[in-house]
Amino acid sequence: MIGLGAASLVAAALGCLYAAAAALAGARRGDRRLVDSARRAIYAVCALLTVCVVVLESAFLRSDFSVELVADHSSTTTPTLYKATAMWSSQGGSLLLWAWVLSIAASAVLFATRRRHRELVPYATAVLAGIGLFFCGLMLLADGANPFARLDPAPTEGVGLNPLLRHPAMAIHPPMLYSGYVLFSIPFAFAIGALVTRRVDASWIRSTRRFALLAWAFLGVGILLGARWSYSELGWGGYWGWDAVENASLMPWLLGTAFLHSIMVQERRGMLKVWNVSLICGTFVLALLGTFLVRSGILESIHAFGASTVGGPLLGLIAVVLLGSAALIVSRLDDLRSERRIESLASREAVFLVNNLLLVGLCAVIFWGTFFPLISEALTGERSSLGGAWFDRYTAPLAIVLVLFTGIGPLLAWRQVSAGSLWRLMRWPLAATAVATLALVAFTDAASEPLALVLFSFACFALAALLSEFARAAAARRALAGGSWAGALAQAVARNRRRYGGYIVHAGVAILFIAVAASSSFQTSSDVRLRPGDSATVGDYQVTYERPTTAIDPAEERLTFGAVLDVDRNGSQFAVLQPQRNYYASTAAMGSGPVRSFFEGEATSEVGRRESAGGDLWTAMRPDLEPLDTMITGADRRLMRLARGADPADPQAQQQLSYLQGLAVRSVADRYEAEGLPIDLRVNVNPFVIWIWLGGGIAICGALFALWPAAAARRRSVSDVYAARLARDLGRA
Amino acid sequence: MEVVLAVILVLALAWFVSAPLRRRAEEDSAADELEDPRVAELEARKEAKYRQIRDAELDRAQGKLSEEDWRRADAELRREAIEILKELDRLRE
């Protein structure tokens with residue numbers, strides 16, 4: 001079936017080429033049949049790429065090592081879940097995922113707009129087909145990027161999946177991230193279509209707004225899952241390290257957030273047209289840049305898993321998109337003039353503009369910090385990078401002001417708010433903020449970190465403001481239709497999903513920021529070296545290393561050294577934690593000896609953690625292997641001598657060798673357990689971390705709520721009511 | 001078997017993709033169903049205007065706009081909405 005996948009990939013590339021050509025020819029000649037055919041070609045590309053994905057997935061699940069990608073990223077011992085998700089750990093597989101998700105999204109938007117945007121859609125189709133062609137072409141032409149490349153003869157066993165990626169969050173993190181990147185191509189393509197045809201009113205926004213919001217939500221989920229994986233798996237104790245790949249996913253999310261706010265201003269007030277098309281072009285460029293950073297290896301990252309051959313072409317595409325869209329925007333400046341000006345600074349559109357500037361500022365700071373190694377190398381010939389402290393110094397003030405505006409924006413009306421109304425709207429949130437700030441100063445040590453205290457206060461203001469918005473909505477609805485408070489609130493929110501979905505997102509973001517500030521400013525961390533029976537005190541906790549543990553998983557070729565930690569708090573037992581260090585046998589390191597190959601291959605940390613609403617107690621351990629060194633060397637010497645004497649073609653002899661290797665590994669593990677070797681233990685007390693995941697989850701739920709379409713009948717009846725009123729006004733006029 | 005499957009798949013999709021091209025131009029009724037781009041633009045503006053009117057009413061109900069501010073804004077928004085409706089009528093006639 002691999003041949004079917006390979007043929008489908010070639011056909012998909014040709015389909016993209018045809019779709020782009022037919023759409024452009026249709027637009028030029030005004031021939032609707034060509035445009036329809038181009039749209040159908042996109043559906044066909046989607047079907048062909050689905051065949052590719054099914055064929056490749058089936059090869060992974062069957063452990064078909066005649067496929068190079070399967071042999072390099074899976075093995076017979078890889079658990080089924082990770083076999084199914086191993087596709088996107090590779091270069092070819094992740095490019096296929098990009099193209100496949102793009103074809104699904106493009107098909108969906110072209111189906112939804114098949115009777116709309118007669119002038120604009122052909123160009124959007126051509127742009128989407130062009131992007132699809134680029135990624136299909138990359139898979140077919142770039143060295144080592146074809147997901148259907150064959151191995152002859154096929155090896156009997158595969159290399160296996162990178163152990164760091166064997167985590168449930170990692171199974172769904174890449175598709176989420178890529179879906180976010182890819183879905184931003186939909187509003188981008190329509191923006192280009194609008195610019196080419198000079199139809200720069202808000203109709204292209206109306207048709208693609210949901211895709212932009214969906215992209216934002218997917219990217220947000222991807223970023224959160226990546227942070228969760230980093231927190232659980234990397235063993236350094238944090239969830240965000242300002243790593244190049246992490247930053248690469250955050251930048252389009254920030255610009256996407258700005259775009260989602262500023263399109264509301266264009267829809268309602270006919271303003272910020274240049275800004276909006278620039279933002280979506282920038283967002284798409286950054287989405288491509290994110291893919292480039294993961295795949296090119298140009299910047300060092302703990303998240304970049306692929307050596308790559310596609311960096312150059314991706315950079316070329318980024319340059320084309322950047323220069324092409326900039327030229328197009330400049331050539332259409334006359335059409336992009338705003339219809340109105342901001343009437344008052346005390347208006348929602350003014351706050352949105354400030355929020356946009358803050359988000360773009362944040363993005364610019366992160367961009368500078370991320371690419372500083374390349375910039376410094378270009379200017380001085382020496383590559384130097386900026387650490388987390390640099391990012392914190394410049395992003396924290398911007399983020400703090402952003403949180404404040406997260407609360408102010410929802411309070412204000414469009415156009416302008418009078419001073420009296422402003423005071424009425426602000427007084428309760430301000431009072432709540434004052435009380436909360438005083439309580440924080442009086443009862444906690446929040447004042448020791450002034451920036452964190454300011455952020456807590458602003459986030460309290462935002463949450464109080466949002467709460468007052470919901471209360472006002474319920475009160476207004478109740479005054480109109482009666483009923484209970486809960487019923488009135490539900491009705492008010494359901495009738496205006498977009499507005500209140502947005503408010504839920506703001507609440508989630510405010511909670512997330514509180515958690516980030518608390519966990520980063522008030523973290524207690526300690527690195528200690530313990531032997532069994534030793535204790536260490538970290539914050540309010542006393543951690544006692546009870547005993548070592550070991551485990552061997554022959555199927556995954558994994559040796560685990562662990563520690564049982566007994567944790568007391570205020571004299572009573574708080575938790576029993578079991579951090580572990582996993583060692584995976586590496587084929588590449590086999591030359592150093594069959595036992596040592598475990599310790600020179602990949603190693604992962606399984607943190608021992610107790611999560612609670614107030615904070616996490618987080619532990620990671622690393623055993624001291626030096627006392628085992630002599631034993632490992634001796635065992636390897638004996639095993640290698642036996643291996644030299646054994647016939648490689650004799651399966652029985654090889655089986656015996658394998659058995660002896662197992663015994664040697666077992667004896668090393670027994671020694672670790674019996675002698676109670678020291679471990680290096682990191683213990684962190686991270687306040688409020690769980691609220692990062694909960695706040696993020698609330699924000700994503702808010703986005704999905706805002707996405708959910710209002711009932712058509714209800715929408716029509718509202719429209720009809722206004723139409724009737726307007727008709728009456730018209731009659732009187 | 002694989003080759004046969006691939007050929008069938010590609011032929012079926014080629015048939016599907018080329019279906020619009022097999023229509024004669026005069027038979028092409030799809031064009032009639034398409035929305036005029038000027039109408040689409042006005043429809044978008046109309047929806048946005050209705051949303052603004054609803055927002056303004058909600059803002060008044062919630063005390064964000066004073067009665068006087070709301071009356072002024074509402075009258076202006078309705079005037080603009082009527083202009084859009086007139087324009088839409090003209091295009092559809």
# chains A, B, ... in the order shown; residues from 1 in each chain; ligands from 1
call {"tool": "interface_residues", "arguments": {"of": "chain A", "to": "chain B", "cutoff": "6 Å", "atoms": "only C-alpha atoms", "output": "PyMOL selection string"}}
result
chain A and resi 4+33+37+40-41+44+115-117+203+267-268+421+472+476
call {"tool": "select_by_dssp", "arguments": {"residues": "stretch 571-680 of chain A", "states": "strand (DSSP E or B)", "output": "list in words"}}
result
Ser572, Gln573, Phe574, Ala575, Val576, Leu577, Gln580, Arg581, Asn582, Tyr583, Tyr584, Ala603, Thr604, Ser605, Glu606, Gly608, Arg609, Arg610, Gly615, Asp616, Leu617, Trp618, Thr619, Ala620, Met621, Arg622, Pro623, Ile679 and Asp680 of chain A
call {"tool": "atom_distance", "arguments": {"atom1": "atom CA of A:Trp242", "atom2": "atom CA of A:Trp390"}}
result
9.7 Å
call {"tool": "residues_around", "arguments": {"residues": "stretch 140-144 of chain A", "least_positions_apart": "5", "cutoff": "10 Å", "atoms": "only C-alpha atoms", "output": "ChimeraX atom specification"}}
result
/A:6,9-10,13,68-69,91-92,134-135,149,307-313
call {"tool": "select_by_dssp", "arguments": {"residues": "chain B", "states": "helix (DSSP H, G or I)", "output": "VMD selection string"}}
result
chain B and resid 2 to 22 25 to 27 30 to 33 37 to 61 67 to 92
call {"tool": "atom_distance", "arguments": {"atom1": "atom CA of A:Ile690", "atom2": "atom CA of A:Val516"}}
result
10.0 Å
call {"tool": "residues_around", "arguments": {"residues": "A:Ile700", "least_positions_apart": "4", "cutoff": "9 Å", "atoms": "only C-alpha atoms", "output": "list in words"}}
result
Trp216, Ala217, Phe218, Gly220, Val221, Ile504, Val505, Gly508, Gly695, Gly696, Leu704 and Phe705 of chain A
call {"tool": "write_last_selection", "arguments": {"atoms": "N, CA and C atoms", "output": "short mmCIF file (atom, residue, chain, number, x, y, z; two decimals), in the first residue's frame"}}
result
data_model
loop_
_atom_site.label_atom_id
_atom_site.label_comp_id
_atom_site.auth_asym_id
_atom_site.auth_seq_id
_atom_site.Cartn_x
_atom_site.Cartn_y
_atom_site.Cartn_z
N TRP A 216 -6.38 30.28 16.72
CA TRP A 216 -5.91 30.82 18.00
C TRP A 216 -6.09 29.78 19.11
N ALA A 217 -7.27 29.11 19.10
CA ALA A 217 -7.56 28.11 20.15
C ALA A 217 -6.62 26.90 20.01
N PHE A 218 -6.44 26.42 18.79
CA PHE A 218 -5.56 25.26 18.57
C PHE A 218 -4.13 25.60 19.01
N GLY A 220 -3.21 27.85 21.08
CA GLY A 220 -3.20 27.98 22.54
C GLY A 220 -3.12 26.62 23.22
N VAL A 221 -3.92 25.66 22.74
CA VAL A 221 -3.87 24.30 23.31
C VAL A 221 -2.49 23.70 23.10
N ILE A 504 -15.02 35.30 28.84
CA ILE A 504 -14.54 34.07 29.50
C ILE A 504 -13.05 33.88 29.19
N VAL A 505 -12.70 34.16 27.91
CA VAL A 505 -11.28 34.06 27.53
C VAL A 505 -10.45 35.02 28.40
N GLY A 508 -9.95 33.66 31.85
CA GLY A 508 -8.96 32.58 31.83
C GLY A 508 -7.54 33.13 31.74
N GLY A 695 -6.51 28.04 34.01
CA GLY A 695 -6.76 29.32 33.33
C GLY A 695 -6.72 29.16 31.83
N GLY A 696 -5.72 28.41 31.36
CA GLY A 696 -5.62 28.15 29.92
C GLY A 696 -6.84 27.41 29.42
N LEU A 704 -14.07 28.52 22.39
CA LEU A 704 -14.99 27.57 21.73
C LEU A 704 -16.43 28.06 21.89
N PHE A 705 -16.74 28.64 23.03
CA PHE A 705 -18.09 29.17 23.26
C PHE A 705 -18.38 30.32 22.29
#
call {"tool": "atom_distance", "arguments": {"atom1": "atom CA of A:Ala575", "atom2": "atom CA of A:Trp693"}}
result
21.9 Å
call {"tool": "residues_around", "arguments": {"residues": "A:Arg671", "least_positions_apart": "4", "cutoff": "8 Å", "atoms": "only C-alpha atoms", "output": "PDB file with C-alpha atoms, in the first residue's frame"}}
result
ATOM      1  CA  LEU A 628      28.665   1.829  39.072  1.00  0.00           C
ATOM      2  CA  SER A 667      22.874  -6.862  38.242  1.00  0.00           C
ATOM      3  CA  GLU A 675      24.162  -0.018  47.887  1.00  0.00           C
TER       4      GLU A 675
END
